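S.K.: So here's data02.txt, just compact mmCIF, C-alpha atoms:
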# COMPACT_ATOMS: atom_id res chain seq x y z
CA MET G 78 -32.40 -38.14 -6.32
CA THR G 79 -32.07 -37.98 -2.58
CA CYS G 80 -32.41 -34.87 -0.42
CA ASP G 81 -28.65 -34.84 0.19
CA GLU G 82 -27.97 -34.93 -3.53
CA PHE G 83 -30.49 -32.14 -4.05
CA GLU G 84 -28.80 -30.01 -1.43
CA ALA G 85 -25.49 -30.57 -3.19
CA ILE G 86 -26.56 -29.48 -6.66
CA GLY G 87 -29.92 -27.75 -6.14
CA TRP G 88 -28.51 -24.25 -6.10
CA ASP G 89 -26.50 -24.87 -9.24
CA ALA G 90 -29.56 -26.38 -10.93
CA GLN G 91 -31.34 -23.05 -10.51
CA SER G 92 -28.44 -21.05 -11.87
CA ASN G 93 -26.22 -21.10 -14.92
CA ALA G 94 -23.72 -23.44 -13.33
CA PRO G 95 -22.50 -26.23 -15.58
CA LEU G 96 -24.85 -29.15 -14.95
CA THR G 97 -26.19 -31.76 -17.31
CA ASP G 98 -29.80 -31.62 -18.40
CA ALA G 99 -30.42 -34.90 -16.62
CA GLN G 100 -29.16 -33.45 -13.32
CA ARG G 101 -31.33 -30.39 -13.72
CA ALA G 102 -34.37 -32.49 -14.49
CA ALA G 103 -33.73 -34.79 -11.54
CA ALA G 104 -33.37 -31.81 -9.21
CA ALA G 105 -36.60 -30.26 -10.47
CA GLU G 106 -38.42 -33.56 -10.09
CA HIS G 107 -37.14 -33.97 -6.53
CA ALA G 108 -38.22 -30.44 -5.59
CA VAL G 109 -41.74 -31.26 -6.71
CA SER G 110 -41.94 -34.42 -4.72
CA CYS G 111 -40.18 -33.27 -1.51
CA THR G 112 -41.74 -30.39 0.42
CA HIS G 113 -38.63 -29.89 2.54
CA CYS G 114 -36.44 -29.52 -0.52
CA ALA G 115 -39.07 -27.36 -2.21
CA ALA G 116 -38.93 -24.95 0.75
CA LEU G 117 -35.17 -25.02 0.54
CA ALA G 118 -35.31 -24.21 -3.17
CA ASP G 119 -37.63 -21.29 -2.43
CA CYS G 120 -35.18 -20.03 0.14
CA TRP G 121 -32.33 -20.34 -2.32
CA GLU G 122 -34.29 -18.43 -4.89
CA ALA G 123 -35.05 -15.62 -2.44
CA THR G 124 -31.39 -15.44 -1.45
CA ARG G 125 -30.29 -15.41 -5.05
CA LEU G 126 -32.67 -12.55 -5.81
CA GLU G 127 -31.34 -10.57 -2.91
CA LEU G 128 -27.78 -11.19 -4.02
CA ARG G 129 -28.76 -10.09 -7.52
CA SER G 130 -30.15 -6.85 -6.16
CA LEU G 131 -26.94 -6.24 -4.22
CA ALA G 132 -24.86 -6.98 -7.30
CA GLN G 133 -27.03 -4.62 -9.31
CA VAL G 134 -26.55 -1.79 -6.83
CA THR G 135 -22.80 -2.13 -6.82
CA THR G 136 -22.33 -3.02 -10.47
CA THR G 137 -21.60 0.55 -11.54
CA ALA G 138 -19.61 1.54 -8.49
CA GLU G 139 -16.29 3.17 -9.30
CA ALA G 140 -13.54 4.77 -7.32
CA PRO G 141 -14.16 8.50 -6.76
CA ALA G 142 -12.48 10.97 -9.10
CA ARG G 143 -10.28 12.20 -6.26
CA VAL G 144 -8.38 8.89 -6.33
CA GLU G 145 -7.37 9.47 -9.95
CA MET G 146 -6.45 13.04 -9.12
CA ARG G 147 -4.26 11.97 -6.22
CA LEU G 148 -2.61 9.26 -8.27
CA ARG G 149 -1.86 11.61 -11.16
CA GLN G 150 -0.43 14.13 -8.72
CA GLN G 151 1.76 11.44 -7.23
CA PHE G 152 2.76 10.31 -10.71
CA ARG G 153 3.86 13.81 -11.64
CA ALA G 154 5.78 14.17 -8.41
CA GLN G 155 7.51 10.87 -8.99
CA HIS G 156 8.43 11.33 -12.64
CA HIS G 157 8.67 15.05 -13.22
CA THR G 158 10.50 16.21 -10.09
CA PRO G 159 13.68 14.20 -10.76
CA LYS G 160 13.61 15.38 -14.37
CA ALA G 161 13.32 19.02 -13.30
CA ARG G 162 16.07 18.51 -10.75
CA ARG G 163 18.31 16.95 -13.39
CA THR G 164 17.63 19.85 -15.73
CA ALA G 165 18.48 22.36 -13.01
CA VAL G 166 21.73 20.56 -12.21
CA VAL G 167 22.72 20.40 -15.88
CA THR G 168 21.86 24.08 -16.33
CA ALA G 169 23.92 25.02 -13.30
CA TRP G 170 26.92 23.09 -14.60
CA VAL G 171 26.56 24.63 -18.05
CA LEU G 172 26.43 28.12 -16.56
CA ALA G 173 29.44 27.41 -14.39
CA ALA G 174 31.39 26.07 -17.36
CA ALA G 175 30.41 29.11 -19.43
CA ALA G 176 31.58 31.43 -16.65
CA VAL G 177 34.93 29.62 -16.47
CA LEU G 178 35.33 29.86 -20.25
CA VAL G 179 34.53 33.56 -20.28
CA GLY G 180 37.00 34.13 -17.45
CA ALA G 181 39.69 32.15 -19.23
CA ALA G 182 39.12 33.99 -22.51
CA SER G 183 39.27 37.35 -20.73
CA TRP G 184 42.50 36.40 -19.02
CA VAL G 185 44.05 35.20 -22.28
CA ASN G 186 43.03 38.46 -23.97
CA TRP G 187 44.47 40.48 -21.18
CA ARG G 188 47.72 38.52 -21.28
CA THR G 189 47.91 38.91 -25.05
CA SER G 190 47.41 42.65 -24.88
CA GLN G 191 50.03 42.89 -22.16
CA ASN G 192 52.53 40.94 -24.23
CA ARG G 193 51.80 43.08 -27.29
CA ALA G 194 52.35 46.26 -25.31
CA VAL G 195 55.68 44.95 -24.09
CA ALA G 196 56.64 43.95 -27.62
CA LEU G 197 55.75 47.38 -29.05
CA GLY G 198 58.08 49.22 -26.72
CA PRO G 199 57.88 51.64 -23.81
CA ASP G 200 54.79 53.48 -22.93
CA PRO G 201 54.35 56.80 -24.77
CA GLY G 202 53.93 58.51 -21.46
CA GLY G 203 57.38 57.23 -20.49
CA ALA G 204 60.84 58.56 -21.38
CA HIS G 205 59.99 59.44 -24.99
CA GLY G 206 56.80 61.18 -24.05
CA ARG G 207 58.56 63.17 -21.47
CA SER G 208 61.23 64.32 -23.87
CA VAL G 209 59.32 64.69 -27.08
CA GLY G 210 55.59 65.02 -26.52
CA PRO G 211 55.18 67.60 -23.82
CA SER G 212 58.26 69.55 -24.75
CA PHE G 213 57.08 70.09 -28.31
CA GLY G 214 53.36 70.35 -27.55
CA ALA G 215 52.83 67.16 -29.49
CA ASP G 216 49.67 65.11 -29.59
CA PRO G 217 49.93 62.51 -26.82
CA GLN G 218 48.81 59.87 -29.28
CA THR G 219 52.02 58.39 -30.69
CA PHE G 220 52.69 55.44 -32.93
CA MET G 221 55.59 53.42 -33.96
CA ALA G 222 56.42 54.37 -37.49
CA ASP G 223 58.05 52.15 -40.01
CA SER G 224 61.70 51.46 -39.55
CA GLU G 225 62.80 53.04 -42.82
CA LEU G 226 65.48 55.60 -41.93
CA SER G 227 66.33 56.96 -45.33
CA ASP G 228 64.09 60.06 -45.21
CA PHE G 229 65.15 61.26 -41.81
CA THR G 230 66.89 64.62 -41.44
CA LEU G 231 69.42 64.75 -38.69
CA LEU G 232 68.87 67.50 -36.21
CA PRO G 233 71.61 70.08 -35.85
CA GLY G 234 74.31 69.00 -33.44
CA VAL G 235 73.52 65.31 -33.71
CA TRP G 236 76.22 62.95 -35.01
CA PRO G 237 75.14 60.03 -37.02
CA GLY G 238 75.80 56.85 -35.07
CA ASP G 239 74.39 53.47 -34.27
CA THR G 240 70.62 53.57 -34.61
CA ASP G 241 69.94 50.03 -33.47
CA ASP G 242 68.62 51.12 -30.12
CA ASP G 243 66.73 54.11 -31.46
CA ALA G 244 62.96 54.23 -31.69
CA ILE G 245 60.71 55.99 -34.10
CA LEU G 246 57.83 57.95 -32.70
CA ARG G 247 55.10 59.44 -34.80
CA VAL G 248 53.82 62.67 -33.29
CA ARG G 249 51.54 65.50 -34.23
CA MET G 250 52.90 68.96 -33.58
CA GLN G 251 52.80 72.54 -34.79
CA ARG G 252 55.26 73.31 -37.50
CA GLY G 253 56.78 76.05 -35.33
CA ALA G 254 57.93 73.40 -32.86
CA LEU G 255 60.45 72.23 -35.47
CA GLY G 256 62.34 75.45 -34.80
CA VAL G 257 62.95 74.32 -31.25
CA LEU G 258 64.71 71.28 -32.72
CA GLY G 259 66.94 73.58 -34.74
CA LEU G 260 65.25 73.24 -38.06
CA PRO G 261 64.24 76.18 -40.26
CA VAL G 262 60.55 77.02 -40.14
CA ASN G 263 58.37 79.04 -42.44
CA GLU G 264 56.91 81.59 -40.06
CA ASP G 265 53.75 81.94 -42.15
CA ARG G 266 52.89 78.36 -41.51
CA ALA G 267 54.23 78.11 -37.98
CA ASN G 268 50.81 77.37 -36.50
CA GLU G 269 50.03 74.60 -38.90
CA TRP G 270 49.69 71.12 -37.43
CA ILE G 271 51.87 68.54 -39.02
CA GLN G 272 52.65 64.89 -38.44
CA VAL G 273 56.32 63.95 -38.13
CA ASP G 274 58.39 60.91 -37.26
CA LEU G 275 61.02 61.46 -34.63
CA LEU G 276 63.99 59.21 -34.32
CA VAL G 277 64.57 59.01 -30.58
CA GLY G 278 67.82 57.77 -29.18
CA ASP G 279 68.26 55.50 -26.22
CA ASP G 280 68.81 58.60 -24.05
CA GLY G 281 65.28 59.76 -24.88
CA LEU G 282 66.35 62.77 -26.99
CA PRO G 283 65.30 63.25 -30.61
CA GLU G 284 68.11 62.70 -33.11
CA ALA G 285 66.36 63.06 -36.47
CA VAL G 286 63.03 64.05 -37.91
CA ARG G 287 61.03 63.03 -40.94
CA LEU G 288 58.09 64.96 -42.28
CA ARG G 289 55.15 62.92 -43.36
CA GLU G 290 53.05 64.01 -46.27
CA MET S 403 -13.04 1.94 -28.96
CA SER S 404 -10.25 4.39 -29.66
CA ILE S 405 -6.74 3.46 -30.66
CA ALA S 406 -5.55 4.26 -27.18
CA ASP S 407 -8.07 1.82 -25.69
CA GLN S 408 -6.81 -0.91 -27.92
CA GLU S 409 -3.30 -0.58 -26.64
CA ARG S 410 -2.20 -3.52 -24.62
CA ASP S 411 -1.81 -3.20 -20.89
CA ASP S 412 1.84 -4.17 -20.88
CA ILE S 413 2.67 -1.54 -23.50
CA LEU S 414 0.82 1.09 -21.52
CA LEU S 415 2.59 -0.01 -18.38
CA ARG S 416 5.97 0.29 -20.09
CA ARG S 417 5.08 3.79 -21.24
CA ALA S 418 3.88 4.69 -17.76
CA GLY S 419 7.17 3.44 -16.34
CA LYS S 420 8.96 5.92 -18.58
CA GLY S 421 6.86 8.77 -17.22
CA ASP S 422 3.90 8.81 -19.62
CA GLU S 423 1.10 10.11 -17.42
CA GLU S 424 -1.59 9.53 -20.02
CA ALA S 425 -0.66 5.88 -20.30
CA PHE S 426 -0.89 5.48 -16.54
CA THR S 427 -4.22 7.27 -16.45
CA LEU S 428 -5.54 5.00 -19.17
CA LEU S 429 -4.47 1.94 -17.24
CA TYR S 430 -6.10 3.28 -14.10
CA ARG S 431 -9.38 4.01 -15.83
CA ARG S 432 -9.37 0.62 -17.44
CA HIS S 433 -9.00 -1.36 -14.23
CA GLN S 434 -10.11 0.77 -11.31
CA GLY S 435 -13.81 -0.06 -11.58
CA ALA S 436 -13.45 -3.82 -11.22
CA LEU S 437 -10.92 -3.48 -8.43
CA TYR S 438 -13.02 -0.95 -6.56
CA ARG S 439 -16.17 -3.04 -6.82
CA SER S 440 -14.36 -6.12 -5.65
CA ALA S 441 -12.89 -4.30 -2.65
CA LEU S 442 -16.21 -2.65 -1.91
CA ARG S 443 -18.15 -5.90 -2.00
CA MET S 444 -15.63 -7.61 0.22
CA THR S 445 -15.25 -4.82 2.79
CA GLY S 446 -18.59 -3.06 2.49
CA ASN S 447 -16.75 0.18 3.12
CA PRO S 448 -16.30 2.73 0.32
CA TRP S 449 -13.47 4.50 2.14
CA VAL S 450 -11.52 1.30 2.58
CA ALA S 451 -12.18 0.26 -1.02
CA GLU S 452 -10.96 3.64 -2.21
CA GLU S 453 -7.82 3.38 -0.13
CA ILE S 454 -7.10 -0.12 -1.35
CA VAL S 455 -7.49 0.85 -5.00
CA GLN S 456 -5.21 3.82 -4.47
CA ASP S 457 -2.59 1.64 -2.77
CA VAL S 458 -2.71 -0.89 -5.57
CA PHE S 459 -2.07 1.72 -8.24
CA LEU S 460 0.60 3.42 -6.15
CA MET S 461 2.37 0.09 -5.98
CA LEU S 462 2.08 -0.24 -9.74
CA MET S 463 3.38 3.30 -10.21
CA ARG S 464 6.38 2.86 -7.94
CA ASP S 465 7.42 -0.57 -9.08
CA PRO S 466 5.85 -1.56 -12.41
CA ARG S 467 8.39 -4.36 -12.78
CA LYS S 468 6.51 -6.35 -10.16
CA TYR S 469 4.14 -7.30 -12.92
CA ASP S 470 5.41 -10.08 -15.14
CA ALA S 471 3.47 -10.30 -18.38
CA ALA S 472 4.53 -13.91 -18.78
CA ARG S 473 2.58 -14.90 -15.70
CA GLY S 474 -0.80 -13.49 -16.70
CA THR S 475 -2.76 -10.40 -17.51
CA LEU S 476 -2.27 -7.10 -15.75
CA GLY S 477 -5.93 -7.19 -14.70
CA GLY S 478 -5.41 -10.54 -13.00
CA PHE S 479 -2.26 -9.28 -11.32
CA LEU S 480 -3.98 -6.16 -10.02
CA TYR S 481 -6.95 -8.20 -8.88
CA GLY S 482 -4.62 -10.49 -6.95
CA VAL S 483 -2.91 -7.55 -5.27
CA THR S 484 -6.29 -6.05 -4.42
CA ARG S 485 -7.46 -9.34 -2.99
CA ASN S 486 -4.38 -9.64 -0.77
CA ARG S 487 -4.89 -6.14 0.56
CA VAL S 488 -8.55 -6.76 1.21
CA LEU S 489 -7.77 -9.95 3.13
CA LYS S 490 -5.10 -8.15 5.15
CA HIS S 491 -7.61 -5.45 5.95
CA LEU S 492 -10.19 -8.00 7.02
CA GLU S 493 -7.66 -9.78 9.19
CA ARG S 494 -7.12 -6.60 11.15
CA LEU S 495 -10.83 -6.14 11.77
CA PRO S 496 -12.84 -7.85 14.44
CA ARG S 497 -14.75 -10.73 12.90
CA GLU S 498 -18.23 -9.78 14.02
CA ILE S 499 -19.36 -6.17 13.80
CA PRO S 500 -22.84 -5.20 14.97
CA LEU S 501 -24.92 -3.97 12.07
CA GLU S 502 -25.78 -0.78 13.95
CA GLU S 503 -22.14 0.32 13.78
CA HIS S 504 -22.23 0.35 10.02
CA HIS S 505 -25.17 2.70 10.02
CA GLU S 506 -23.89 4.94 12.77
CA ASN S 507 -20.57 5.44 11.04
CA GLY S 508 -22.32 6.23 7.84
CA ASN S 509 -19.59 4.57 5.85
CA GLY S 510 -20.67 1.01 6.01
CA LEU S 511 -23.65 0.45 3.79
CA SER S 512 -24.16 3.66 1.94
CA ILE S 513 -26.40 2.37 -0.81
CA VAL S 514 -27.85 4.63 -3.42
CA LEU S 515 -30.67 3.19 -5.48
CA LYS S 516 -31.07 4.81 -8.83
CA ASP S 517 -34.47 4.00 -10.22
CA ALA S 518 -37.77 5.70 -10.83
CA SER S 519 -39.87 3.63 -8.44
CA SER S 520 -41.91 5.11 -5.63
CA PRO S 521 -40.25 6.11 -2.36
CA ALA S 522 -41.89 3.18 -0.57
CA ILE S 523 -40.58 0.67 -3.07
CA GLN S 524 -37.18 2.32 -2.99
CA ALA S 525 -37.12 2.12 0.76
CA GLU S 526 -38.07 -1.53 0.63
CA LYS S 527 -35.37 -2.21 -1.94
CA ARG S 528 -32.83 -0.30 0.08
CA GLU S 529 -33.73 -2.26 3.17
CA ARG S 530 -33.40 -5.51 1.30
CA VAL S 531 -30.04 -4.61 -0.20
CA GLU S 532 -28.72 -3.42 3.14
CA ARG S 533 -29.89 -6.61 4.73
CA VAL S 534 -28.20 -8.87 2.21
CA TRP S 535 -25.04 -6.82 2.23
CA ALA S 536 -24.89 -6.95 5.99
CA ALA S 537 -25.34 -10.72 5.78
CA VAL S 538 -22.57 -11.01 3.19
CA LEU S 539 -20.24 -8.91 5.32
CA GLU S 540 -20.93 -11.14 8.27
CA LEU S 541 -19.53 -14.13 6.45
CA PRO S 542 -15.99 -15.26 7.23
CA ALA S 543 -13.58 -13.90 4.66
CA GLU S 544 -13.04 -17.21 2.87
CA PHE S 545 -16.74 -17.83 2.37
CA ARG S 546 -17.42 -14.20 1.59
CA GLU S 547 -14.81 -14.25 -1.13
CA ALA S 548 -16.39 -17.29 -2.76
CA VAL S 549 -19.85 -15.74 -2.59
CA VAL S 550 -18.65 -12.40 -3.95
CA LEU S 551 -16.77 -14.01 -6.81
CA CYS S 552 -19.43 -16.51 -7.86
CA GLU S 553 -22.67 -14.79 -6.92
CA LEU S 554 -21.98 -11.06 -7.15
CA GLU S 555 -19.31 -11.01 -9.84
CA GLU S 556 -20.82 -14.04 -11.59
CA ARG S 557 -17.52 -15.75 -12.17
CA SER S 558 -17.41 -19.44 -12.93
CA TYR S 559 -16.04 -21.89 -10.40
CA GLU S 560 -12.92 -22.26 -12.53
CA GLU S 561 -12.31 -18.52 -12.61
CA ALA S 562 -12.93 -18.21 -8.90
CA ALA S 563 -10.52 -21.06 -8.21
CA GLN S 564 -7.91 -19.32 -10.34
CA VAL S 565 -8.38 -16.02 -8.53
CA ILE S 566 -8.30 -17.56 -5.08
CA GLY S 567 -5.58 -20.00 -6.01
CA CYS S 568 -7.24 -23.19 -4.82
CA PRO S 569 -8.91 -26.25 -6.37
CA ILE S 570 -12.42 -25.99 -7.76
CA GLY S 571 -13.64 -28.41 -5.10
CA THR S 572 -12.56 -25.97 -2.41
CA VAL S 573 -14.48 -23.20 -4.13
CA ARG S 574 -17.59 -25.38 -4.26
CA SER S 575 -17.22 -26.27 -0.61
CA ARG S 576 -16.72 -22.67 0.50
CA LEU S 577 -19.60 -21.53 -1.64
CA HIS S 578 -21.88 -24.18 -0.23
CA ARG S 579 -21.03 -23.22 3.33
CA GLY S 580 -21.18 -19.55 2.51
CA ARG S 581 -24.65 -19.81 1.00
CA ALA S 582 -25.91 -21.76 3.98
CA LEU S 583 -24.56 -19.19 6.41
CA LEU S 584 -25.91 -16.41 4.26
CA MET S 585 -29.40 -17.87 4.18
CA ALA S 586 -29.38 -18.43 7.90
CA ARG S 587 -28.32 -14.87 8.51
CA LEU S 588 -30.87 -13.50 6.11
CA GLU S 589 -33.59 -15.49 7.78
CA MET S 590 -32.52 -14.03 11.07
CA LEU S 591 -32.51 -10.50 9.67
CA ARG S 592 -35.89 -10.95 8.06
CA GLY S 593 -37.26 -11.79 11.47
CA ALA S 594 -38.96 -14.90 10.20
CA PRO S 595 -36.85 -17.76 11.33
CA ARG S 596 -37.36 -20.88 9.34
CA ARG S 597 -35.94 -24.21 9.80
CA LEU S 598 -32.73 -24.28 7.89
CA ASN S 599 -30.60 -27.17 8.57
CA ALA S 600 -30.34 -28.27 5.02
CA ALA S 601 -26.64 -27.69 4.73
CA GLY S 602 -25.90 -28.83 8.21
CA VAL S 603 -25.77 -25.26 9.41
CA ASN S 604 -28.14 -23.87 11.97
CA GLY S 605 -27.69 -20.15 11.84
CA PHE S 606 -24.55 -18.61 13.11
CA GLU S 607 -24.13 -20.93 16.03
CA SER S 608 -22.07 -23.17 13.78
CA LYS S 609 -19.84 -20.44 12.35
CA ARG S 610 -17.03 -21.46 14.63
CA GLU S 611 -17.35 -25.04 13.49
CA VAL S 612 -17.13 -23.94 9.89
CA ARG S 613 -13.99 -21.95 10.57
CA ASN S 614 -12.47 -24.92 12.31
CA ASP S 615 -13.28 -27.05 9.29
CA LEU S 616 -11.11 -24.80 7.19
Turn the structure described in the file into structure tokens.
M.R.:
Amino acid sequence: MTCDEFEAIGWDAQSNAPLTDAQRAAAAEHAVSCTHCAALADCWEATRLELRSLAQVTTTAEAPARVEMRLRQQFRAQHHTPKARRTAVVTAWVLAAAAVLVGAASWVNWRTSQNRAVALGPDPGGAHGRSVGPSFGADPQTFMADSELSDFTLLPGVWPGDTDDDAILRVRMQRGALGVLGLPVNEDRANEWIQVDLLVGDDGLPEAVRLRE
Amino acid sequence: MSIADQERDDILLRRAGKGDEEAFTLLYRRHQGALYRSALRMTGNPWVAEEIVQDVFLMLMRDPRKYDAARGTLGGFLYGVTRNRVLKHLERLPREIPLEEHHENGNGLSIVLKDASSPAIQAEKRERVERVWAAVLELPAEFREAVVLCELEERSYEEAAQVIGCPIGTVRSRLHRGRALLMARLEMLRGAPRRLNAAGVNGFESKREVRNDL
């Protein structure tokens, strides 16, 4: 082996590099016979040892814990913030939709109650109330009674006629108030509260009365 | 090894892409050490190595689809990204930095020896390690990379060629030149100059020639 050949493979011969046994033996033999190459081999060995010591010092080096902390923080910011934002947007839309639904339901209810009031007839505080309720000291709470007219007693001075436009009002009054309508009253029970149905004509005046049991 | 450790990198990466923080953390812990050591040995600067490792994992976090499992392992991919960032960093630096600057900054060769030997031996060891590290850092990036891969990380020539992306012959050539430059520098730092023209290199006076050869 020549010195040039030794320089080419000498380092590898001293390490674990893939060389044949023959090459290693030739390199070792040349190092023994050539002082220059022997000095070179010593220098290589010293360098290798120093590199080993450097490798040993840095072999357990790891990135500081703060890097992991920063990365995890960044990860959370990247993945969790959009999710939270999406959730907030969805929640806001759900709340808005719920508010619209509640509003719509309230409006429908209000409209329904209005329609029902119109269908039931005029307000008790209206023409009937004015003519029947206050004048007889009746309970302001009135109801539409059933439309059966058979049990009604015509008031004195009232002629039976068309009752299509008449309305039936259920009122609570003192028995004595029947006397005002021209009906006979038992004076002993004049203060007794009774419930009667009044047949009220389209002019707002009572035409007939029916006592309720 | 726990079940989590046995999970494949690509599965963990997929989970991390869907927002699984634990999967990302596991990936980080699995690979950060090798990447950090590589960056540290190439730059000699813990701060820079830390920043590079962080950048590499931020890249992975923001765009995990950059990694293609069909082209190799995640470790190899991350190592390649780290290597590119290290080389970019080295390109921005002036080639030759006086050794004193490393010590004055306090961030260059902060070596901590952990052994039970006497303070004198520790000091001697520290001095030796600092010396060899300074010599390694003085090498041009191409030679330094070959030396770090083959001598410090003990990779085979084939592995080093795969990492660098060049033929094995190029690795051998760079390693040969790198060792010669390293020995010359070490001789100079030891203060006992010896005749070293074995590899056709006489100290650092021929560094420019070597670069031109590349």
S.K.: I'd like the contact shell of stretch 114-127 of chain G - 7 Å cut-off, all atoms listed in the file, skipping same-chain residues fewer than 5 positions apart - returned as a list of chain:residue names.
M.R.: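 Residues meeting the cut-off are G:Cys80, G:Trp88, G:Ala108, G:Val109, S:Arg530, S:Val531, S:Val534, S:Met585.
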S.K.: Find the distance between atom CA of S:Leu577 and atom CA of S:Leu554 and write it in Å to one decimal.
M.R.: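 Between these atoms lies a distance of 12.1 Å.
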S.K.: Interatomic distance between atom CA of G:Arg287 and atom CA of G:Leu275?
M.R.: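 About the pair atom CA of G:Arg287 and atom CA of G:Leu275: they are 6.5 Å apart.
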S.K.: Can you check which parts of chain S lie within 8 Å of chain G? Per residue, the shortest pair of atoms and distance in Å to one decimal, counting all atoms listed in the file, sorted by chain and number, as a tab-separated table.
M.R.:
residue	atom	partner	partner_atom	distance
S:Gly421	CA	G:His156	CA	5.5
S:Glu423	CA	G:Phe152	CA	6.9
S:Thr427	CA	G:Arg149	CA	7.2
S:Tyr430	CA	G:Glu145	CA	7.6
S:Gln434	CA	G:Ala140	CA	6.6
S:Gly435	CA	G:Glu139	CA	4.7
S:Ala436	CA	G:Glu139	CA	7.8
S:Tyr438	CA	G:Ala140	CA	5.8
S:Arg439	CA	G:Ala138	CA	6.0
S:Arg443	CA	G:Thr135	CA	7.7
S:Ala451	CA	G:Ala140	CA	7.9
S:Glu452	CA	G:Ala140	CA	5.8
S:Val455	CA	G:Ala140	CA	7.6
S:Gln456	CA	G:Val144	CA	6.3
S:Phe459	CA	G:Leu148	CA	7.6
S:Leu460	CA	G:Leu148	CA	7.0
S:Met463	CA	G:Phe152	CA	7.1
S:Ile513	CA	G:Val134	CA	7.3
S:Val514	CA	G:Val134	CA	7.4
S:Leu515	CA	G:Val134	CA	6.6
S:Arg530	CA	G:Glu127	CA	6.9
S:Val531	CA	G:Leu131	CA	5.3
S:Val534	CA	G:Glu127	CA	6.2
S:Trp535	CA	G:Leu131	CA	6.7
S:Glu553	CA	G:Leu128	CA	6.9
S:Leu554	CA	G:Ala132	CA	5.0
S:Glu555	CA	G:Ala132	CA	7.3
S:Ser558	CA	G:Ala94	CA	7.5
S:His578	CA	G:Ala85	CA	7.9
S:Leu584	CA	G:Thr124	CA	8.0
S:Met585	CA	G:Thr124	CA	6.4
S:Leu588	CA	G:Thr124	CA	7.8
S:Leu598	CA	G:Leu117	CA	7.8
S:Ala600	CA	G:Glu84	CA	6.9
S:Ala601	CA	G:Glu84	CA	6.9
S.K.: Please, what distance in Å, to one decimal, runs between atom CA of G:Asp89 and atom CA of S:Phe545?
M.R.: 16.7 Å
S.K.: Can you find the residues with an atom no farther than 12 Å from (-4.1, 2.0, -18.4), counting all atoms listed in the file, and report them as a PyMOL selection string?
M.R.: (chain G and resi 145) or (chain S and resi 406-419+422-434+459+462-463+476-477+480)
S.K.: Could those selected residues go to a file with C-alpha atoms, as an mmCIF file, keeping the file's coordinate frame?
M.R.:
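File result_20.cif, as written:
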data_model
loop_
_atom_site.group_PDB
_atom_site.id
_atom_site.type_symbol
_atom_site.label_atom_id
_atom_site.label_comp_id
_atom_site.auth_asym_id
_atom_site.auth_seq_id
_atom_site.Cartn_x
_atom_site.Cartn_y
_atom_site.Cartn_z
ATOM 1 C CA GLU G 145 -7.370 9.470 -9.950
ATOM 2 C CA ALA S 406 -5.550 4.260 -27.180
ATOM 3 C CA ASP S 407 -8.070 1.820 -25.690
ATOM 4 C CA GLN S 408 -6.810 -0.910 -27.920
ATOM 5 C CA GLU S 409 -3.300 -0.580 -26.640
ATOM 6 C CA ARG S 410 -2.200 -3.520 -24.620
ATOM 7 C CA ASP S 411 -1.810 -3.200 -20.890
ATOM 8 C CA ASP S 412 1.840 -4.170 -20.880
ATOM 9 C CA ILE S 413 2.670 -1.540 -23.500
ATOM 10 C CA LEU S 414 0.820 1.090 -21.520
ATOM 11 C CA LEU S 415 2.590 -0.010 -18.380
ATOM 12 C CA ARG S 416 5.970 0.290 -20.090
ATOM 13 C CA ARG S 417 5.080 3.790 -21.240
ATOM 14 C CA ALA S 418 3.880 4.690 -17.760
ATOM 15 C CA GLY S 419 7.170 3.440 -16.340
ATOM 16 C CA ASP S 422 3.900 8.810 -19.620
ATOM 17 C CA GLU S 423 1.100 10.110 -17.420
ATOM 18 C CA GLU S 424 -1.590 9.530 -20.020
ATOM 19 C CA ALA S 425 -0.660 5.880 -20.300
ATOM 20 C CA PHE S 426 -0.890 5.480 -16.540
ATOM 21 C CA THR S 427 -4.220 7.270 -16.450
ATOM 22 C CA LEU S 428 -5.540 5.000 -19.170
ATOM 23 C CA LEU S 429 -4.470 1.940 -17.240
ATOM 24 C CA TYR S 430 -6.100 3.280 -14.100
ATOM 25 C CA ARG S 431 -9.380 4.010 -15.830
ATOM 26 C CA ARG S 432 -9.370 0.620 -17.440
ATOM 27 C CA HIS S 433 -9.000 -1.360 -14.230
ATOM 28 C CA GLN S 434 -10.110 0.770 -11.310
ATOM 29 C CA PHE S 459 -2.070 1.720 -8.240
ATOM 30 C CA LEU S 462 2.080 -0.240 -9.740
ATOM 31 C CA MET S 463 3.380 3.300 -10.210
ATOM 32 C CA LEU S 476 -2.270 -7.100 -15.750
ATOM 33 C CA GLY S 477 -5.930 -7.190 -14.700
ATOM 34 C CA LEU S 480 -3.980 -6.160 -10.020
#
S.K.: Compare S:Glu532, S:Glu526, S:Asp470, S:Asp457 by their minimum atom-to-atom distance to S:Leu591, counting all atoms listed in the file, and give me the closest one.
M.R.: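 With all atoms listed in the file as the atom set, the closest residue is S:Glu532.
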S.K.: How big is the axis-aligned box, and where does its centre sit, when it encloses all atoms of stretch 564-577 of chain S listed in the file and has 8 Å added on every side, reported in Å to one decimal as AutoDock Vina command-line options?
M.R.:
--center_x -12.6 --center_y -22.2 --center_z -4.9 --size_x 30.0 --size_y 28.4 --size_z 26.8
S.K.: List as a PyMOL selection string: which residues have an atom within 12 Å of (-19.3, -14.2, 5.5), counting all atoms listed in the file?
M.R.: chain S and resi 443-446+492+497-499+534-550+576-588+606+609-610+612-613
